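Student: Quick one, input_14.pdb (PDB, N, CA and C atoms, pLDDT in the B column):
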ATOM      1  N   MET A   1      32.170   4.204 -18.143  1.00 71.00           N
ATOM      2  CA  MET A   1      31.667   3.930 -16.819  1.00 71.00           C
ATOM      3  C   MET A   1      30.308   3.256 -16.940  1.00 71.00           C
ATOM      4  N   ARG A   2      29.999   2.444 -15.969  1.00 76.00           N
ATOM      5  CA  ARG A   2      28.697   1.789 -15.908  1.00 76.00           C
ATOM      6  C   ARG A   2      28.057   2.102 -14.558  1.00 76.00           C
ATOM      7  N   ALA A   3      26.738   2.087 -14.519  1.00 84.00           N
ATOM      8  CA  ALA A   3      26.010   2.398 -13.287  1.00 84.00           C
ATOM      9  C   ALA A   3      25.484   1.123 -12.655  1.00 84.00           C
ATOM     10  N   ILE A   4      25.373   1.152 -11.338  1.00 90.00           N
ATOM     11  CA  ILE A   4      24.682   0.105 -10.598  1.00 90.00           C
ATOM     12  C   ILE A   4      23.464   0.769  -9.979  1.00 90.00           C
ATOM     13  N   VAL A   5      22.279   0.223 -10.265  1.00 93.00           N
ATOM     14  CA  VAL A   5      21.042   0.818  -9.755  1.00 93.00           C
ATOM     15  C   VAL A   5      20.369  -0.150  -8.793  1.00 93.00           C
ATOM     16  N   THR A   6      19.629   0.418  -7.841  1.00 94.00           N
ATOM     17  CA  THR A   6      18.866  -0.356  -6.876  1.00 94.00           C
ATOM     18  C   THR A   6      17.402  -0.026  -7.060  1.00 94.00           C
ATOM     19  N   CYS A   7      16.578  -1.038  -7.244  1.00 94.00           N
ATOM     20  CA  CYS A   7      15.144  -0.850  -7.430  1.00 94.00           C
ATOM     21  C   CYS A   7      14.527  -0.392  -6.113  1.00 94.00           C
ATOM     22  N   GLU A   8      13.756   0.693  -6.164  1.00 92.00           N
ATOM     23  CA  GLU A   8      13.093   1.185  -4.956  1.00 92.00           C
ATOM     24  C   GLU A   8      11.930   0.290  -4.544  1.00 92.00           C
ATOM     25  N   CYS A   9      11.409  -0.509  -5.459  1.00 93.00           N
ATOM     26  CA  CYS A   9      10.273  -1.388  -5.142  1.00 93.00           C
ATOM     27  C   CYS A   9      10.718  -2.655  -4.412  1.00 93.00           C
ATOM     28  N   CYS A  10      11.719  -3.355  -4.985  1.00 96.00           N
ATOM     29  CA  CYS A  10      12.086  -4.653  -4.426  1.00 96.00           C
ATOM     30  C   CYS A  10      13.501  -4.706  -3.856  1.00 96.00           C
ATOM     31  N   GLY A  11      14.314  -3.667  -4.079  1.00 95.00           N
ATOM     32  CA  GLY A  11      15.665  -3.633  -3.534  1.00 95.00           C
ATOM     33  C   GLY A  11      16.705  -4.378  -4.355  1.00 95.00           C
ATOM     34  N   TYR A  12      16.324  -4.921  -5.500  1.00 96.00           N
ATOM     35  CA  TYR A  12      17.261  -5.659  -6.346  1.00 96.00           C
ATOM     36  C   TYR A  12      18.306  -4.701  -6.916  1.00 96.00           C
ATOM     37  N   ARG A  13      19.586  -5.085  -6.851  1.00 96.00           N
ATOM     38  CA  ARG A  13      20.681  -4.272  -7.411  1.00 96.00           C
ATOM     39  C   ARG A  13      21.152  -4.902  -8.701  1.00 96.00           C
ATOM     40  N   GLN A  14      21.321  -4.070  -9.714  1.00 95.00           N
ATOM     41  CA  GLN A  14      21.792  -4.584 -10.994  1.00 95.00           C
ATOM     42  C   GLN A  14      22.643  -3.543 -11.700  1.00 95.00           C
ATOM     43  N   ALA A  15      23.555  -4.021 -12.533  1.00 93.00           N
ATOM     44  CA  ALA A  15      24.396  -3.137 -13.333  1.00 93.00           C
ATOM     45  C   ALA A  15      23.659  -2.779 -14.614  1.00 93.00           C
ATOM     46  N   VAL A  16      23.855  -1.549 -15.051  1.00 90.00           N
ATOM     47  CA  VAL A  16      23.288  -1.115 -16.322  1.00 90.00           C
ATOM     48  C   VAL A  16      24.220  -1.614 -17.416  1.00 90.00           C
ATOM     49  N   ALA A  17      23.677  -2.306 -18.391  1.00 83.00           N
ATOM     50  CA  ALA A  17      24.476  -2.990 -19.400  1.00 83.00           C
ATOM     51  C   ALA A  17      24.791  -2.096 -20.597  1.00 83.00           C
ATOM     52  N   ARG A  18      25.221  -0.867 -20.324  1.00 86.00           N
ATOM     53  CA  ARG A  18      25.655   0.013 -21.409  1.00 86.00           C
ATOM     54  C   ARG A  18      26.596   1.055 -20.830  1.00 86.00           C
ATOM     55  N   PRO A  19      27.530   1.527 -21.646  1.00 88.00           N
ATOM     56  CA  PRO A  19      28.455   2.549 -21.147  1.00 88.00           C
ATOM     57  C   PRO A  19      27.739   3.889 -20.966  1.00 88.00           C
ATOM     58  N   ILE A  20      28.169   4.648 -19.976  1.00 90.00           N
ATOM     59  CA  ILE A  20      27.611   5.969 -19.709  1.00 90.00           C
ATOM     60  C   ILE A  20      28.762   6.961 -19.794  1.00 90.00           C
ATOM     61  N   ARG A  21      28.707   7.826 -20.778  1.00 90.00           N
ATOM     62  CA  ARG A  21      29.810   8.755 -21.009  1.00 90.00           C
ATOM     63  C   ARG A  21      29.429  10.212 -20.782  1.00 90.00           C
ATOM     64  N   ARG A  22      28.127  10.498 -20.658  1.00 93.00           N
ATOM     65  CA  ARG A  22      27.661  11.873 -20.488  1.00 93.00           C
ATOM     66  C   ARG A  22      26.419  11.866 -19.600  1.00 93.00           C
ATOM     67  N   PRO A  23      26.060  13.009 -19.040  1.00 94.00           N
ATOM     68  CA  PRO A  23      24.833  13.070 -18.227  1.00 94.00           C
ATOM     69  C   PRO A  23      23.628  12.697 -19.083  1.00 94.00           C
ATOM     70  N   GLU A  24      22.754  11.877 -18.556  1.00 94.00           N
ATOM     71  CA  GLU A  24      21.570  11.464 -19.302  1.00 94.00           C
ATOM     72  C   GLU A  24      20.551  10.817 -18.377  1.00 94.00           C
ATOM     73  N   GLN A  25      19.345  10.645 -18.900  1.00 95.00           N
ATOM     74  CA  GLN A  25      18.287   9.893 -18.234  1.00 95.00           C
ATOM     75  C   GLN A  25      17.890   8.754 -19.163  1.00 95.00           C
ATOM     76  N   PHE A  26      17.586   7.598 -18.573  1.00 93.00           N
ATOM     77  CA  PHE A  26      17.134   6.469 -19.376  1.00 93.00           C
ATOM     78  C   PHE A  26      16.339   5.522 -18.489  1.00 93.00           C
ATOM     79  N   HIS A  27      15.620   4.617 -19.103  1.00 94.00           N
ATOM     80  CA  HIS A  27      14.811   3.633 -18.379  1.00 94.00           C
ATOM     81  C   HIS A  27      15.463   2.263 -18.450  1.00 94.00           C
ATOM     82  N   VAL A  28      15.341   1.507 -17.374  1.00 93.00           N
ATOM     83  CA  VAL A  28      15.763   0.104 -17.342  1.00 93.00           C
ATOM     84  C   VAL A  28      14.646  -0.710 -16.706  1.00 93.00           C
ATOM     85  N   ILE A  29      14.613  -1.991 -17.010  1.00 95.00           N
ATOM     86  CA  ILE A  29      13.654  -2.915 -16.416  1.00 95.00           C
ATOM     87  C   ILE A  29      14.347  -3.637 -15.268  1.00 95.00           C
ATOM     88  N   CYS A  30      13.721  -3.659 -14.109  1.00 96.00           N
ATOM     89  CA  CYS A  30      14.271  -4.368 -12.952  1.00 96.00           C
ATOM     90  C   CYS A  30      14.199  -5.867 -13.212  1.00 96.00           C
ATOM     91  N   HIS A  31      15.321  -6.556 -13.002  1.00 95.00           N
ATOM     92  CA  HIS A  31      15.343  -8.012 -13.178  1.00 95.00           C
ATOM     93  C   HIS A  31      14.710  -8.733 -11.993  1.00 95.00           C
ATOM     94  N   GLY A  32      14.471  -8.017 -10.894  1.00 95.00           N
ATOM     95  CA  GLY A  32      13.858  -8.625  -9.716  1.00 95.00           C
ATOM     96  C   GLY A  32      12.341  -8.641  -9.786  1.00 95.00           C
ATOM     97  N   CYS A  33      11.742  -7.461 -10.086  1.00 96.00           N
ATOM     98  CA  CYS A  33      10.280  -7.369 -10.055  1.00 96.00           C
ATOM     99  C   CYS A  33       9.678  -6.949 -11.395  1.00 96.00           C
ATOM    100  N   GLU A  34      10.522  -6.711 -12.390  1.00 95.00           N
ATOM    101  CA  GLU A  34      10.123  -6.299 -13.733  1.00 95.00           C
ATOM    102  C   GLU A  34       9.477  -4.916 -13.772  1.00 95.00           C
ATOM    103  N   GLY A  35       9.724  -4.104 -12.752  1.00 95.00           N
ATOM    104  CA  GLY A  35       9.262  -2.720 -12.769  1.00 95.00           C
ATOM    105  C   GLY A  35      10.151  -1.882 -13.672  1.00 95.00           C
ATOM    106  N   VAL A  36       9.651  -0.741 -14.096  1.00 94.00           N
ATOM    107  CA  VAL A  36      10.411   0.175 -14.948  1.00 94.00           C
ATOM    108  C   VAL A  36      11.042   1.235 -14.057  1.00 94.00           C
ATOM    109  N   LEU A  37      12.344   1.424 -14.201  1.00 93.00           N
ATOM    110  CA  LEU A  37      13.076   2.391 -13.395  1.00 93.00           C
ATOM    111  C   LEU A  37      13.592   3.518 -14.271  1.00 93.00           C
ATOM    112  N   LEU A  38      13.493   4.747 -13.784  1.00 93.00           N
ATOM    113  CA  LEU A  38      14.097   5.889 -14.440  1.00 93.00           C
ATOM    114  C   LEU A  38      15.437   6.138 -13.768  1.00 93.00           C
ATOM    115  N   VAL A  39      16.511   6.118 -14.550  1.00 92.00           N
ATOM    116  CA  VAL A  39      17.854   6.336 -14.029  1.00 92.00           C
ATOM    117  C   VAL A  39      18.324   7.693 -14.539  1.00 92.00           C
ATOM    118  N   GLU A  40      18.814   8.528 -13.635  1.00 93.00           N
ATOM    119  CA  GLU A  40      19.359   9.825 -14.010  1.00 93.00           C
ATOM    120  C   GLU A  40      20.810   9.874 -13.583  1.00 93.00           C
ATOM    121  N   VAL A  41      21.700  10.114 -14.551  1.00 92.00           N
ATOM    122  CA  VAL A  41      23.122  10.243 -14.289  1.00 92.00           C
ATOM    123  C   VAL A  41      23.486  11.708 -14.501  1.00 92.00           C
ATOM    124  N   THR A  42      24.014  12.349 -13.473  1.00 93.00           N
ATOM    125  CA  THR A  42      24.344  13.768 -13.543  1.00 93.00           C
ATOM    126  C   THR A  42      25.841  13.970 -13.794  1.00 93.00           C
ATOM    127  N   SER A  43      26.210  15.189 -14.097  1.00 93.00           N
ATOM    128  CA  SER A  43      27.627  15.541 -14.254  1.00 93.00           C
ATOM    129  C   SER A  43      28.390  15.258 -12.962  1.00 93.00           C
ATOM    130  N   ALA A  44      27.746  15.533 -11.829  1.00 93.00           N
ATOM    131  CA  ALA A  44      28.390  15.278 -10.528  1.00 93.00           C
ATOM    132  C   ALA A  44      28.646  13.780 -10.341  1.00 93.00           C
ATOM    133  N   ASP A  45      27.707  12.924 -10.765  1.00 89.00           N
ATOM    134  CA  ASP A  45      27.906  11.468 -10.679  1.00 89.00           C
ATOM    135  C   ASP A  45      29.124  11.051 -11.498  1.00 89.00           C
ATOM    136  N   LEU A  46      29.239  11.597 -12.701  1.00 89.00           N
ATOM    137  CA  LEU A  46      30.358  11.241 -13.577  1.00 89.00           C
ATOM    138  C   LEU A  46      31.689  11.723 -13.002  1.00 89.00           C
ATOM    139  N   ARG A  47      31.703  12.935 -12.444  1.00 90.00           N
ATOM    140  CA  ARG A  47      32.931  13.449 -11.823  1.00 90.00           C
ATOM    141  C   ARG A  47      33.336  12.586 -10.635  1.00 90.00           C
ATOM    142  N   GLN A  48      32.370  12.243  -9.782  1.00 88.00           N
ATOM    143  CA  GLN A  48      32.664  11.440  -8.595  1.00 88.00           C
ATOM    144  C   GLN A  48      33.191  10.063  -8.997  1.00 88.00           C
ATOM    145  N   ALA A  49      32.618   9.465 -10.013  1.00 84.00           N
ATOM    146  CA  ALA A  49      33.029   8.127 -10.428  1.00 84.00           C
ATOM    147  C   ALA A  49      34.419   8.126 -11.060  1.00 84.00           C
ATOM    148  N   SER A  50      34.830   9.250 -11.643  1.00 84.00           N
ATOM    149  CA  SER A  50      36.132   9.286 -12.304  1.00 84.00           C
ATOM    150  C   SER A  50      37.240   9.838 -11.406  1.00 84.00           C
ATOM    151  N   THR A  51      36.903  10.246 -10.176  1.00 84.00           N
ATOM    152  CA  THR A  51      37.887  10.760  -9.236  1.00 84.00           C
ATOM    153  C   THR A  51      38.508   9.602  -8.461  1.00 84.00           C
ATOM    154  N   PRO A  52      39.832   9.430  -8.580  1.00 78.00           N
ATOM    155  CA  PRO A  52      40.472   8.337  -7.828  1.00 78.00           C
ATOM    156  C   PRO A  52      40.466   8.644  -6.330  1.00 78.00           C
ATOM    157  N   THR A  53      40.197   7.616  -5.541  1.00 68.00           N
ATOM    158  CA  THR A  53      40.222   7.760  -4.087  1.00 68.00           C
ATOM    159  C   THR A  53      41.179   6.728  -3.515  1.00 68.00           C
ATOM    160  N   ALA A  54      42.053   7.157  -2.671  1.00 47.00           N
ATOM    161  CA  ALA A  54      43.049   6.258  -2.072  1.00 47.00           C
ATOM    162  C   ALA A  54      42.378   5.338  -1.064  1.00 47.00           C
ATOM    163  N   GLY A  55      42.547   4.037  -1.264  1.00 47.00           N
ATOM    164  CA  GLY A  55      42.066   3.073  -0.296  1.00 47.00           C
ATOM    165  C   GLY A  55      40.580   2.776  -0.359  1.00 47.00           C
ATOM    166  N   HIS A  56      39.865   3.293  -1.319  1.00 49.00           N
ATOM    167  CA  HIS A  56      38.444   3.036  -1.437  1.00 49.00           C
ATOM    168  C   HIS A  56      38.135   2.363  -2.765  1.00 49.00           C
ATOM    169  N   ALA A  57      37.108   1.541  -2.777  1.00 50.00           N
ATOM    170  CA  ALA A  57      36.663   0.919  -4.020  1.00 50.00           C
ATOM    171  C   ALA A  57      35.981   1.973  -4.874  1.00 50.00           C
ATOM    172  N   PRO A  58      36.065   1.867  -6.215  1.00 47.00           N
ATOM    173  CA  PRO A  58      35.386   2.833  -7.067  1.00 47.00           C
ATOM    174  C   PRO A  58      33.880   2.767  -6.876  1.00 47.00           C
ATOM    175  N   GLN A  59      33.223   3.911  -6.957  1.00 48.00           N
ATOM    176  CA  GLN A  59      31.775   3.974  -6.807  1.00 48.00           C
ATOM    177  C   GLN A  59      31.149   4.210  -8.169  1.00 48.00           C
ATOM    178  N   ALA A  60      30.048   3.549  -8.428  1.00 47.00           N
ATOM    179  CA  ALA A  60      29.346   3.709  -9.688  1.00 47.00           C
ATOM    180  C   ALA A  60      28.372   4.863  -9.618  1.00 47.00           C
ATOM    181  N   ALA A  61      28.116   5.463 -10.754  1.00 46.00           N
ATOM    182  CA  ALA A  61      27.125   6.531 -10.842  1.00 46.00           C
ATOM    183  C   ALA A  61      25.734   5.927 -10.960  1.00 46.00           C
ATOM    184  N   GLY A  62      24.734   6.755 -10.941  1.00 50.00           N
ATOM    185  CA  GLY A  62      23.373   6.308 -11.169  1.00 50.00           C
ATOM    186  C   GLY A  62      22.537   6.253  -9.931  1.00 50.00           C
ATOM    187  N   GLY A  63      23.138   6.002  -8.795  1.00 51.00           N
ATOM    188  CA  GLY A  63      22.373   5.987  -7.561  1.00 51.00           C
ATOM    189  C   GLY A  63      21.229   5.013  -7.589  1.00 51.00           C
ATOM    190  N   VAL A  64      20.113   5.445  -7.096  1.00 54.00           N
ATOM    191  CA  VAL A  64      18.938   4.584  -6.968  1.00 54.00           C
ATOM    192  C   VAL A  64      18.012   4.842  -8.139  1.00 54.00           C
ATOM    193  N   GLY A  65      17.557   3.784  -8.780  1.00 57.00           N
ATOM    194  CA  GLY A  65      16.571   3.916  -9.849  1.00 57.00           C
ATOM    195  C   GLY A  65      15.242   4.319  -9.264  1.00 57.00           C
ATOM    196  N   THR A  66      14.509   5.151  -9.952  1.00 55.00           N
ATOM    197  CA  THR A  66      13.206   5.616  -9.501  1.00 55.00           C
ATOM    198  C   THR A  66      12.126   4.917 -10.286  1.00 55.00           C
ATOM    199  N   SER A  67      11.181   4.307  -9.632  1.00 56.00           N
ATOM    200  CA  SER A  67      10.087   3.622 -10.325  1.00 56.00           C
ATOM    201  C   SER A  67       9.288   4.620 -11.124  1.00 56.00           C
ATOM    202  N   VAL A  68       8.884   4.186 -12.303  1.00 53.00           N
ATOM    203  CA  VAL A  68       8.087   5.040 -13.192  1.00 53.00           C
ATOM    204  C   VAL A  68       6.705   4.454 -13.317  1.00 53.00           C
TER
END
So, in terms of structure tokens, how does the structure I just supplied come out?
Tutor:
Amino acid sequence: MRAIVTCECCGYRQAVARPIRRPEQFHVICHGCEGVLLVEVTSADLRQASTPTAGHAPQAAGGVGTSV
């Protein structure tokens, strides 16, 4: 699974360019404003992303990146 994060500073949305297989925290650089974002992926995010939903597009984990 991959996460899509939204920068809280500038609103830029970007995909995280690495697979996420377990709960973890990591930093990414925003491609919009070059700010540093802390991304936290929880067990609940992973469960939600792997649960099939009828008639809905899959949702990515990661939520909103938090500026550091």
Student: Counting only C-alpha atoms, which residues sit no farther than 12 Å from the position (28.7, 16.3, -12.5) in the file's frame? I'd like them as a VMD selection string.
Tutor: chain A and resid 21 to 24 40 to 51 61 to 62
Student: Which residues are close to His27 (chain A), i.e. within 6 Å by only C-alpha atoms, leaving aside same-chain residues fewer than 6 positions away? Reply as a ChimeraX atom specification.
Tutor: /A:37-39
Student: Generate a file of the selected residues that holds N, CA and C atoms, formatted as a tab-separated table (two decimals), in the coordinates of the input.
Tutor:
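Result went into result_17.tsv, see below:
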chain	number	residue	atom	x	y	z
A	37	LEU	N	12.34	1.42	-14.20
A	37	LEU	CA	13.08	2.39	-13.40
A	37	LEU	C	13.59	3.52	-14.27
A	38	LEU	N	13.49	4.75	-13.78
A	38	LEU	CA	14.10	5.89	-14.44
A	38	LEU	C	15.44	6.14	-13.77
A	39	VAL	N	16.51	6.12	-14.55
A	39	VAL	CA	17.85	6.34	-14.03
A	39	VAL	C	18.32	7.69	-14.54
Student: Take CA of Gly35 (chain A) and CA of Cys10 (chain A) and report the distance between them in Å, one decimal.
Tutor: 9.0 Å
Student: Rank A:Ile20, A:Ala15, A:Val36, A:Cys30 by their smallest atom-to-atom distance to Met1 (chain A), using all atoms listed in the file, and report the top residue only.
Tutor: A:Ile20
Student: Calculate how many Å separate CA of Val16 (chain A) from atom C of Ile4 (chain A), rounding to one decimal.
Tutor: 6.6 Å
Student: Please list as a PyMOL selection string every residue within 10 Å of Gly11 (chain A), counting only C-alpha atoms and excluding residues in the same chain fewer than 2 positions away.
Tutor: chain A and resi 5-9+13-14+30+32-33+64-65
Student: Go ahead and write the selection's residues with N, CA and C atoms as a PDB file, in the coordinates of the input.
Tutor:
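And here is the file that came out, again02.pdb:
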ATOM      1  N   VAL A   5      22.279   0.223 -10.265  1.00 93.00           N
ATOM      2  CA  VAL A   5      21.042   0.818  -9.755  1.00 93.00           C
ATOM      3  C   VAL A   5      20.369  -0.150  -8.793  1.00 93.00           C
ATOM      4  N   THR A   6      19.629   0.418  -7.841  1.00 94.00           N
ATOM      5  CA  THR A   6      18.866  -0.356  -6.876  1.00 94.00           C
ATOM      6  C   THR A   6      17.402  -0.026  -7.060  1.00 94.00           C
ATOM      7  N   CYS A   7      16.578  -1.038  -7.244  1.00 94.00           N
ATOM      8  CA  CYS A   7      15.144  -0.850  -7.430  1.00 94.00           C
ATOM      9  C   CYS A   7      14.527  -0.392  -6.113  1.00 94.00           C
ATOM     10  N   GLU A   8      13.756   0.693  -6.164  1.00 92.00           N
ATOM     11  CA  GLU A   8      13.093   1.185  -4.956  1.00 92.00           C
ATOM     12  C   GLU A   8      11.930   0.290  -4.544  1.00 92.00           C
ATOM     13  N   CYS A   9      11.409  -0.509  -5.459  1.00 93.00           N
ATOM     14  CA  CYS A   9      10.273  -1.388  -5.142  1.00 93.00           C
ATOM     15  C   CYS A   9      10.718  -2.655  -4.412  1.00 93.00           C
ATOM     16  N   ARG A  13      19.586  -5.085  -6.851  1.00 96.00           N
ATOM     17  CA  ARG A  13      20.681  -4.272  -7.411  1.00 96.00           C
ATOM     18  C   ARG A  13      21.152  -4.902  -8.701  1.00 96.00           C
ATOM     19  N   GLN A  14      21.321  -4.070  -9.714  1.00 95.00           N
ATOM     20  CA  GLN A  14      21.792  -4.584 -10.994  1.00 95.00           C
ATOM     21  C   GLN A  14      22.643  -3.543 -11.700  1.00 95.00           C
ATOM     22  N   CYS A  30      13.721  -3.659 -14.109  1.00 96.00           N
ATOM     23  CA  CYS A  30      14.271  -4.368 -12.952  1.00 96.00           C
ATOM     24  C   CYS A  30      14.199  -5.867 -13.212  1.00 96.00           C
ATOM     25  N   GLY A  32      14.471  -8.017 -10.894  1.00 95.00           N
ATOM     26  CA  GLY A  32      13.858  -8.625  -9.716  1.00 95.00           C
ATOM     27  C   GLY A  32      12.341  -8.641  -9.786  1.00 95.00           C
ATOM     28  N   CYS A  33      11.742  -7.461 -10.086  1.00 96.00           N
ATOM     29  CA  CYS A  33      10.280  -7.369 -10.055  1.00 96.00           C
ATOM     30  C   CYS A  33       9.678  -6.949 -11.395  1.00 96.00           C
ATOM     31  N   VAL A  64      20.113   5.445  -7.096  1.00 54.00           N
ATOM     32  CA  VAL A  64      18.938   4.584  -6.968  1.00 54.00           C
ATOM     33  C   VAL A  64      18.012   4.842  -8.139  1.00 54.00           C
ATOM     34  N   GLY A  65      17.557   3.784  -8.780  1.00 57.00           N
ATOM     35  CA  GLY A  65      16.571   3.916  -9.849  1.00 57.00           C
ATOM     36  C   GLY A  65      15.242   4.319  -9.264  1.00 57.00           C
TER      37      GLY A  65
END
Student: Interatomic distance between CA of Gln25 (chain A) and atom N of Pro52 (chain A)?
Tutor: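 Taking CA of Gln25 (chain A) and atom N of Pro52 (chain A), their separation equals 23.6 Å.
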